[in-house]
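Trainee: Got start.txt for you, compact mmCIF, C-alpha atoms and all ligand atoms:
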```
# COMPACT_ATOMS: atom_id res chain seq x y z
CA MET A 3 -58.51 6.46 -25.63
CA ARG A 4 -58.48 10.27 -25.27
CA ASN A 5 -59.86 11.09 -21.86
CA LYS A 6 -61.43 14.57 -21.86
CA LEU A 7 -62.95 14.34 -18.38
CA ASN A 8 -60.31 13.15 -15.91
CA ASP A 9 -56.88 11.57 -15.47
CA LEU A 10 -58.12 8.13 -14.42
CA GLU A 11 -57.15 4.74 -15.78
CA PRO A 12 -60.10 2.89 -17.40
CA LYS A 13 -60.22 0.39 -14.49
CA VAL A 14 -60.67 3.15 -11.88
CA TRP A 15 -63.15 4.95 -14.15
CA LEU A 16 -65.24 1.80 -14.46
CA LYS A 17 -65.23 1.18 -10.71
CA PHE A 18 -66.57 4.68 -10.03
CA GLN A 19 -69.43 4.14 -12.48
CA LYS A 20 -71.20 1.73 -10.14
CA SER A 21 -74.42 3.43 -9.03
CA TRP A 22 -73.81 2.77 -5.32
CA PHE A 23 -70.87 2.57 -2.99
CA ILE A 24 -70.13 2.01 0.68
CA HIS A 25 -67.99 4.64 2.33
CA ASN A 26 -67.67 4.64 6.10
CA PRO A 27 -66.22 7.95 7.19
CA PRO A 28 -62.97 7.74 9.16
CA PRO A 29 -63.13 9.26 12.69
CA ARG A 30 -63.42 13.06 12.58
CA ARG A 31 -60.73 15.44 13.76
CA LYS A 32 -61.46 17.61 16.80
CA GLY A 33 -61.94 20.92 14.94
CA VAL A 34 -64.45 19.55 12.45
CA LEU A 35 -66.41 17.75 15.17
CA VAL A 36 -67.96 21.12 16.04
CA HIS A 37 -69.79 21.07 12.69
CA PRO A 38 -72.94 18.93 12.83
CA ALA A 39 -72.78 17.44 9.31
CA LYS A 40 -69.80 17.06 7.05
CA PHE A 41 -68.89 14.59 4.34
CA PRO A 42 -65.56 12.74 4.40
CA GLU A 43 -62.63 14.24 2.45
CA THR A 44 -61.66 10.75 1.30
CA MET A 45 -65.02 10.40 -0.47
CA ALA A 46 -64.93 13.96 -1.83
CA GLN A 47 -61.53 13.23 -3.37
CA GLU A 48 -62.93 10.31 -5.38
CA PHE A 49 -65.64 12.57 -6.86
CA ILE A 50 -63.17 15.37 -7.64
CA GLU A 51 -60.77 12.95 -9.32
CA PHE A 52 -63.58 11.60 -11.49
CA PHE A 53 -65.13 14.90 -12.54
CA THR A 54 -61.98 17.00 -13.10
CA LYS A 55 -58.42 16.86 -14.34
CA LYS A 56 -55.38 17.98 -12.34
CA GLY A 57 -55.09 21.77 -12.23
CA GLU A 58 -58.82 22.38 -12.78
CA THR A 59 -61.01 24.30 -10.33
CA VAL A 60 -63.63 23.04 -7.87
CA LEU A 61 -66.25 25.04 -5.96
CA ASP A 62 -68.27 24.22 -2.84
CA PRO A 63 -70.87 26.97 -2.32
CA MET A 64 -71.73 25.72 1.21
CA ALA A 65 -68.29 24.65 2.29
CA GLY A 66 -68.81 23.99 6.02
CA THR A 67 -65.43 23.14 7.50
CA GLY A 68 -63.88 22.73 4.08
CA SER A 69 -63.89 19.00 3.21
CA THR A 70 -64.19 19.73 -0.53
CA LEU A 71 -61.22 22.09 -0.43
CA VAL A 72 -59.04 19.66 1.53
CA ALA A 73 -59.92 16.90 -0.96
CA ALA A 74 -59.16 19.25 -3.87
CA LEU A 75 -55.72 20.04 -2.43
CA ARG A 76 -54.94 16.34 -2.07
CA ALA A 77 -56.10 15.78 -5.65
CA GLY A 78 -54.04 18.66 -7.05
CA ARG A 79 -57.00 20.88 -7.98
CA HIS A 80 -57.65 24.56 -7.26
CA SER A 81 -60.66 25.18 -5.06
CA TYR A 82 -63.00 27.83 -3.70
CA GLY A 83 -65.52 27.52 -0.89
CA ILE A 84 -68.29 29.84 0.23
CA GLU A 85 -69.51 29.51 3.83
CA LEU A 86 -72.05 31.70 5.61
CA ASN A 87 -71.08 30.86 9.17
CA SER A 88 -67.92 32.69 10.24
CA LYS A 89 -67.05 30.04 12.82
CA TYR A 90 -66.99 27.25 10.20
CA ALA A 91 -65.22 29.50 7.69
CA LYS A 92 -62.49 30.09 10.27
CA ILE A 93 -62.14 26.38 11.09
CA ALA A 94 -62.04 25.60 7.34
CA LYS A 95 -59.22 28.13 6.81
CA GLN A 96 -57.16 26.56 9.60
CA ILE A 97 -57.76 23.01 8.35
CA ILE A 98 -56.76 24.04 4.82
CA LYS A 99 -53.63 25.73 6.16
CA ASP A 100 -52.68 22.55 8.07
CA GLU A 101 -53.33 20.43 4.98
CA ARG A 102 -51.12 22.67 2.85
CA THR A 103 -48.32 22.29 5.41
CA ALA A 104 -48.74 18.52 5.42
CA LEU A 105 -48.72 18.33 1.61
CA GLY A 106 -45.68 20.60 1.27
CA GLU A 107 -44.56 21.62 -2.18
CA THR A 108 -47.13 19.49 -4.05
CA ALA A 109 -49.76 22.03 -2.94
CA GLU A 110 -47.64 25.17 -3.33
CA ASP A 111 -49.15 26.34 -6.62
CA LEU A 112 -52.74 25.48 -5.77
CA VAL A 113 -55.35 28.07 -4.88
CA SER A 114 -57.70 27.09 -2.04
CA GLU A 115 -59.79 29.97 -0.83
CA ILE A 116 -62.64 30.17 1.65
CA ILE A 117 -64.98 33.12 1.18
CA LYS A 118 -67.15 34.00 4.17
CA GLY A 119 -70.47 34.90 2.59
CA ASP A 120 -73.89 33.97 1.30
CA ALA A 121 -73.96 31.51 -1.62
CA THR A 122 -76.96 33.46 -2.94
CA HIS A 123 -74.44 36.09 -4.09
CA ALA A 124 -71.80 33.70 -5.45
CA ILE A 125 -71.80 35.47 -8.79
CA LYS A 126 -70.48 38.64 -7.10
CA PHE A 127 -67.40 36.99 -5.58
CA GLU A 128 -65.26 37.28 -8.71
CA LEU A 129 -64.61 33.57 -8.96
CA PRO A 130 -62.78 32.08 -11.95
CA VAL A 131 -64.41 29.60 -14.35
CA ILE A 132 -65.42 26.56 -12.32
CA ASN A 133 -64.93 23.02 -13.68
CA TYR A 134 -66.87 21.16 -11.00
CA ILE A 135 -69.15 21.82 -8.03
CA LEU A 136 -69.26 19.37 -5.12
CA THR A 137 -71.54 20.33 -2.25
CA SER A 138 -74.10 19.32 0.32
CA PRO A 139 -76.83 21.60 1.66
CA PRO A 140 -78.37 21.71 5.12
CA TYR A 141 -80.88 18.85 5.13
CA TRP A 142 -83.76 21.34 5.41
CA ASP A 143 -84.32 22.46 9.05
CA MET A 144 -83.68 18.96 10.44
CA LEU A 145 -80.96 20.14 12.80
CA HIS A 146 -83.67 22.06 14.67
CA THR A 147 -85.67 18.86 15.23
CA LYS A 148 -85.33 17.77 18.84
CA GLY A 149 -85.69 14.04 18.17
CA ALA A 150 -82.99 13.85 15.48
CA GLU A 151 -80.86 10.92 16.61
CA ASN A 152 -77.39 12.38 16.27
CA GLN A 153 -78.60 15.57 17.93
CA LYS A 154 -79.35 13.86 21.24
CA LYS A 155 -75.69 13.13 21.86
CA ARG A 156 -74.59 16.59 20.69
CA ARG A 157 -77.05 18.43 22.94
CA THR A 158 -75.24 17.17 26.02
CA SER A 159 -72.00 18.81 24.87
CA SER A 160 -71.58 22.56 25.11
CA GLU A 161 -68.77 22.52 22.53
CA LEU A 162 -70.65 20.88 19.66
CA ASP A 163 -73.15 22.79 17.52
CA VAL A 164 -76.64 21.34 17.19
CA HIS A 165 -77.57 23.57 14.26
CA TYR A 166 -75.52 25.72 11.92
CA SER A 167 -76.61 29.23 12.97
CA ASP A 168 -79.59 31.49 13.66
CA ASP A 169 -78.81 33.59 10.59
CA PRO A 170 -81.97 33.98 8.46
CA LYS A 171 -79.73 33.70 5.36
CA ASP A 172 -78.84 30.14 6.45
CA VAL A 173 -81.10 27.95 4.30
CA GLY A 174 -81.29 25.47 7.20
CA ASN A 175 -83.42 28.07 9.02
CA ILE A 176 -86.23 28.09 6.41
CA HIS A 177 -88.96 26.09 8.08
CA ASN A 178 -91.40 25.91 5.18
CA TYR A 179 -90.33 22.95 3.01
CA GLU A 180 -91.47 24.40 -0.33
CA MET A 181 -89.74 27.71 0.39
CA PHE A 182 -86.56 25.89 1.43
CA LEU A 183 -86.57 23.86 -1.78
CA GLU A 184 -87.20 26.95 -3.90
CA LYS A 185 -84.33 28.84 -2.23
CA LEU A 186 -81.92 25.93 -2.62
CA VAL A 187 -82.77 25.55 -6.31
CA SER A 188 -82.33 29.29 -6.88
CA ILE A 189 -78.88 29.24 -5.18
CA TYR A 190 -77.68 26.32 -7.33
CA ALA A 191 -79.23 27.81 -10.48
CA GLY A 192 -77.38 31.08 -9.76
CA LEU A 193 -74.04 29.22 -10.05
CA LYS A 194 -74.61 28.25 -13.68
CA PRO A 195 -72.89 31.31 -15.22
CA LEU A 196 -69.71 30.40 -13.30
CA LEU A 197 -69.52 26.91 -14.78
CA HIS A 198 -67.44 25.74 -17.69
CA GLU A 199 -69.35 24.20 -20.56
CA LYS A 200 -70.32 20.59 -19.76
CA ALA A 201 -69.14 20.96 -16.15
CA TYR A 202 -70.68 18.63 -13.58
CA LEU A 203 -72.31 19.46 -10.28
CA THR A 204 -72.69 16.85 -7.54
CA ILE A 205 -75.13 17.51 -4.69
CA ILE A 206 -75.11 15.15 -1.73
CA VAL A 207 -78.51 15.03 -0.09
CA LYS A 208 -81.00 12.80 1.69
CA ASN A 209 -84.76 12.34 1.70
CA ILE A 210 -86.07 13.62 5.01
CA LYS A 211 -88.35 12.07 7.62
CA LYS A 212 -90.24 14.55 9.75
CA GLY A 213 -93.35 14.11 11.88
CA GLY A 214 -94.03 10.62 10.51
CA LYS A 215 -93.87 11.87 6.92
CA ILE A 216 -91.28 11.70 4.15
CA TYR A 217 -90.18 14.89 2.41
CA PRO A 218 -88.39 13.58 -0.68
CA LEU A 219 -85.75 16.31 -0.79
CA ALA A 220 -83.37 14.34 -3.02
CA TRP A 221 -86.10 13.55 -5.55
CA ASP A 222 -87.64 17.04 -5.44
CA LEU A 223 -84.25 18.63 -5.92
CA ALA A 224 -83.48 16.29 -8.83
CA ARG A 225 -86.77 17.23 -10.51
CA GLU A 226 -86.63 20.99 -9.90
CA LEU A 227 -82.91 21.53 -10.56
CA GLY A 228 -83.24 19.23 -13.57
CA LYS A 229 -85.12 22.14 -15.19
CA VAL A 230 -81.94 24.25 -14.98
CA TYR A 231 -79.17 21.68 -15.48
CA THR A 232 -79.27 18.28 -17.17
CA LEU A 233 -79.91 15.66 -14.50
CA LYS A 234 -77.55 12.78 -15.22
CA ASP A 235 -78.28 10.29 -12.45
CA GLU A 236 -77.61 9.45 -8.84
CA LYS A 237 -74.88 7.54 -7.09
CA ILE A 238 -76.01 6.18 -3.75
CA TRP A 239 -73.65 6.55 -0.80
CA CYS A 240 -74.31 3.81 1.77
CA GLN A 241 -72.99 3.90 5.32
CA ASP A 242 -72.55 0.49 6.81
CA ASN A 243 -71.18 1.26 10.27
CA GLN A 244 -74.12 2.98 11.96
CA PRO A 245 -75.96 1.47 14.95
CA LEU A 246 -79.53 0.39 14.16
CA ALA A 247 -82.33 1.99 16.20
CA PRO A 248 -85.61 0.11 16.85
CA PHE A 249 -87.89 2.79 15.29
CA GLY A 250 -91.50 1.57 15.06
CA LEU A 251 -90.57 -1.90 16.37
CA GLY A 252 -93.65 -4.16 16.48
CA SER A 253 -95.99 -1.56 14.98
CA ALA A 254 -94.81 0.26 11.87
CA TRP A 255 -92.24 0.45 9.07
CA VAL A 256 -89.71 3.14 9.86
CA SER A 257 -86.37 2.58 8.16
CA ASN A 258 -82.93 3.37 9.52
CA THR A 259 -81.82 5.58 6.65
CA PHE A 260 -78.12 5.02 6.08
CA HIS A 261 -77.87 6.24 2.50
CA HIS A 262 -77.46 9.59 0.79
CA TYR A 263 -78.02 10.50 -2.85
CA CYS A 264 -75.10 12.00 -4.74
CA LEU A 265 -77.05 13.69 -7.54
CA GLN A 266 -75.16 14.38 -10.73
CA PHE A 267 -76.11 17.32 -12.95
CA ARG A 268 -74.34 18.82 -15.98
CA SER A 269 -74.29 22.37 -17.32
CA ASP A 270 -74.86 21.58 -21.01
C1 LIG A 301 -74.17 20.10 5.17
S1 LIG A 301 -73.23 21.50 5.63
C2 LIG A 301 -71.82 21.38 4.58
C3 LIG A 301 -70.75 20.54 5.14
C4 LIG A 301 -69.51 20.44 4.25
N1 LIG A 301 -69.80 19.66 3.07
C5 LIG A 301 -68.37 19.81 5.04
O1 LIG A 301 -68.01 18.66 4.72
O2 LIG A 301 -67.86 20.43 5.99
C6 LIG A 301 -74.08 22.87 4.96
C7 LIG A 301 -73.41 24.22 5.22
O3 LIG A 301 -74.14 25.22 4.52
C8 LIG A 301 -73.95 26.44 5.21
N2 LIG A 301 -74.93 27.41 4.68
C9 LIG A 301 -76.27 27.48 4.94
N3 LIG A 301 -76.83 28.47 4.24
C10 LIG A 301 -75.85 29.05 3.50
C11 LIG A 301 -75.80 30.14 2.57
N4 LIG A 301 -76.90 30.83 2.26
N5 LIG A 301 -74.61 30.44 2.00
C12 LIG A 301 -73.47 29.75 2.32
N6 LIG A 301 -73.45 28.73 3.20
C13 LIG A 301 -74.62 28.38 3.79
C14 LIG A 301 -74.09 26.05 6.68
O4 LIG A 301 -73.48 26.96 7.54
C15 LIG A 301 -73.39 24.67 6.68
O5 LIG A 301 -72.04 24.77 7.11
```
Can the structure from this file be put into C-alpha cells for me?
Ligand SMILES: C[S@@+](CC[C@H](N)C(=O)[O-])C[C@H]1O[C@@H](n2cnc3c(N)ncnc32)[C@H](O)[C@@H]1O
Mentor:
Amino acid sequence: MRNKLNDLEPKVWLKFQKSWFIHNPPPRRKGVLVHPAKFPETMAQEFIEFFTKKGETVLDPMAGTGSTLVAALRAGRHSYGIELNSKYAKIAKQIIKDERTALGETAEDLVSEIIKGDATHAIKFELPVINYILTSPPYWDMLHTKGAENQKKRRTSSELDVHYSDDPKDVGNIHNYEMFLEKLVSIYAGLKPLLHEKAYLTIIVKNIKKGGKIYPLAWDLARELGKVYTLKDEKIWCQDNQPLAPFGLGSAWVSNTFHHYCLQFRSD
C-alpha cells in the first residue's frame, strides 16, 4: 500500500480512525501551568503523526505555550506557532528550547519557530507551505466568566492567569458570540493560502454553556468554516479523570462536559 498521508503502519492508522478516544493529560509542568488552557503534547503528537509525514511542516496559529510545536519536534516535523500574548510566546520559546536540548541531534535539523503576533495577519509572516494545522482557540470569552469551575481554583493564585490577556486583538475578549464566531472563522479562512493542496486542519473546541444556555461553538464552527474548507468529520476527545460536580442536582439536567471536538477540515 502506498501511503501518501503519513508514515504509520496500517494497524496504527486504523486505531486512530476511531471517532472517539480517551486521553487524560499527564500533569502539567510549572511553566505551562500559568496558561489557563492547553492541550497535551502527547495527544498533539498523535494528530501530527496521522496528518503529516516526517519532515513536513505544522502550524498552530494560536500556539499558547507551544504544545503543538513540542509535539512536532518529537514527531520529527518542522513547526511554526503564532501567539498574541508575549508572556506565553516567551514561555513557549523556552519550552521548545528545553525540548530541543532533551531531543539532542534528532531535532537538530528541525525548524520550530514561535512568532509573537496576531493570527489575523498570518499571511504576512512569510511562512513556508504548511502541511497541517493543529490548533485550539479561546473557548469564546469563557475565561472571563466568574463561575467557570477551573477558574475558581486559579483565582486564589496570583501566579496563574485566569484569562489570556486584555488585548482587544485577543479573540477571547470578544463578548458578542456571533462576532467572536465570525472573527474566528475569518482567521482560519485567512490561513488557506498557506496550506498545501489537500492539507488537513484540526481545530479542538467545545460547545459552551453560559447563563443556562448552550452556545454550540463546535457545531457553529463546523458549519461556518465548512463553507471555506471541506468539513471531514469530528473525533471526540473524552477526559475520564475529572471530578464530577453536582450541577442542577435534584432539579435540572446540567451535564459535566468532559469532551472536546477535534474537528477535521481539508483544503481541497
Ligand atoms: C486555547 S489557547 C491555546 C493553547 C495551546 N493549544 C497550548 O496547548 O498551549 C488559545 C490561545 O490563543 C491566543 N490568541 C487569542 N487571540 C489570538 C490572536 N488574535 N492571534 C494569536 N493568538 C491569539 C491566546 O493568547 C491563547 O494563548
Trainee: If you count only C-alpha atoms and all ligand atoms, which residues end up within 8 Å of ligand LIG 301 (chain A), as a PyMOL selection string?
Mentor: chain A and resi 34+37-43+62-70+84-87+90+94+118-122+137-141+166-167+171-174+189
Trainee: Please measure the separation of CA of Tyr179 (chain A) and CA of Tyr263 (chain A), giving the value in Å to one decimal.
Mentor: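 CA of Tyr263 (chain A) lies at a distance of 18.5 Å from CA of Tyr179 (chain A).
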Trainee: Using all atoms listed in the file for the distances, tell me which of A:Trp221, A:Tyr134, A:Phe18, A:Trp239 is nearest to Gly57 (chain A).
Mentor: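 Ranking A:Trp221, A:Tyr134, A:Phe18, A:Trp239 by distance to Gly57 (chain A), first place goes to A:Tyr134.
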Trainee: For Lys20 (chain A), which of A:Lys126, A:Asp111, A:Thr204, A:Asp235 is the closest residue, counting all atoms listed in the file?
Mentor: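 Checking each of A:Lys126, A:Asp111, A:Thr204, A:Asp235 against Lys20 (chain A), counting all atoms listed in the file, the winner is A:Asp235.
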Trainee: Point out the residue among A:Ala201, A:Ala77, A:Val113, A:Met45 with the least atom-to-atom distance to Leu7 (chain A), counting all atoms listed in the file.
Mentor: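 Result for the nearest residue to Leu7 (chain A): A:Ala201.
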Trainee: Fewer than 2 positions away in the same chain doesn't count, so skip those; otherwise give me all residues within 6 Å of Ile132 (chain A), counting all atoms listed in the file, as a ChimeraX atom specification.
Mentor: /A:59-60,134,196-198
Trainee: Could you take the residues named above and write them with C-alpha atoms, as a compact mmCIF listing (two decimals), in the coordinates of the input?
Mentor:
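The new file selection.txt reads:
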```
# COMPACT_ATOMS: atom_id res chain seq x y z
CA THR A 59 -61.01 24.30 -10.33
CA VAL A 60 -63.63 23.04 -7.87
CA TYR A 134 -66.87 21.16 -11.00
CA LEU A 196 -69.71 30.40 -13.30
CA LEU A 197 -69.52 26.91 -14.78
CA HIS A 198 -67.44 25.74 -17.69
```
Trainee: Tell me, in Å to one decimal, how far CA of Met3 (chain A) is from CA of Lys237 (chain A).
Mentor: 24.8 Å
Trainee: For a test of reading the model, state the distance in Å between CA of Gly192 (chain A) and CA of Leu233 (chain A), rounded to one decimal.
Mentor: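 Separation between CA of Gly192 (chain A) and CA of Leu233 (chain A): 16.3 Å.
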Trainee: Between A:Met181, A:Leu61, A:Ile117, A:Val230, which has the minimum distance to Lys92 (chain A) (counting only C-alpha atoms)?
Mentor: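 Smallest distance to Lys92 (chain A) is found for A:Ile117.
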Trainee: Counting all atoms listed in the file, which residue out of A:Ser269, A:Asn26, A:Ser81, A:Ser188 sits closest to Asn243 (chain A)?
Mentor: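 Of A:Ser269, A:Asn26, A:Ser81, A:Ser188, the one nearest Asn243 (chain A), counting all atoms listed in the file, is A:Asn26.
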Trainee: For a quick check of understanding, using all atoms listed in the file, which of A:Leu251, A:Ile93, A:Leu203, A:Ile216 has the smallest distance to Thr54 (chain A)?
Mentor: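 Comparing A:Leu251, A:Ile93, A:Leu203, A:Ile216 against Thr54 (chain A), the winner is A:Leu203.
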Trainee: Would you list the residues near (-80.0, 17.9, -15.7), meaning any protein, DNA or RNA residue with an atom at most 10 Å from that point in file coordinates, counting all atoms listed in the file, as a short mmCIF file (atom, residue, chain, number, x, y, z; two decimals) with C-alpha atoms, in the coordinates of the input?
Mentor:
```cif
data_model
loop_
_atom_site.label_atom_id
_atom_site.label_comp_id
_atom_site.auth_asym_id
_atom_site.auth_seq_id
_atom_site.Cartn_x
_atom_site.Cartn_y
_atom_site.Cartn_z
CA TYR A 202 -70.68 18.63 -13.58
CA LEU A 203 -72.31 19.46 -10.28
CA ALA A 224 -83.48 16.29 -8.83
CA ARG A 225 -86.77 17.23 -10.51
CA GLU A 226 -86.63 20.99 -9.90
CA LEU A 227 -82.91 21.53 -10.56
CA GLY A 228 -83.24 19.23 -13.57
CA LYS A 229 -85.12 22.14 -15.19
CA VAL A 230 -81.94 24.25 -14.98
CA TYR A 231 -79.17 21.68 -15.48
CA THR A 232 -79.27 18.28 -17.17
CA LEU A 233 -79.91 15.66 -14.50
CA LYS A 234 -77.55 12.78 -15.22
CA ASP A 235 -78.28 10.29 -12.45
CA LEU A 265 -77.05 13.69 -7.54
CA GLN A 266 -75.16 14.38 -10.73
CA PHE A 267 -76.11 17.32 -12.95
CA ARG A 268 -74.34 18.82 -15.98
CA SER A 269 -74.29 22.37 -17.32
CA ASP A 270 -74.86 21.58 -21.01
#
```
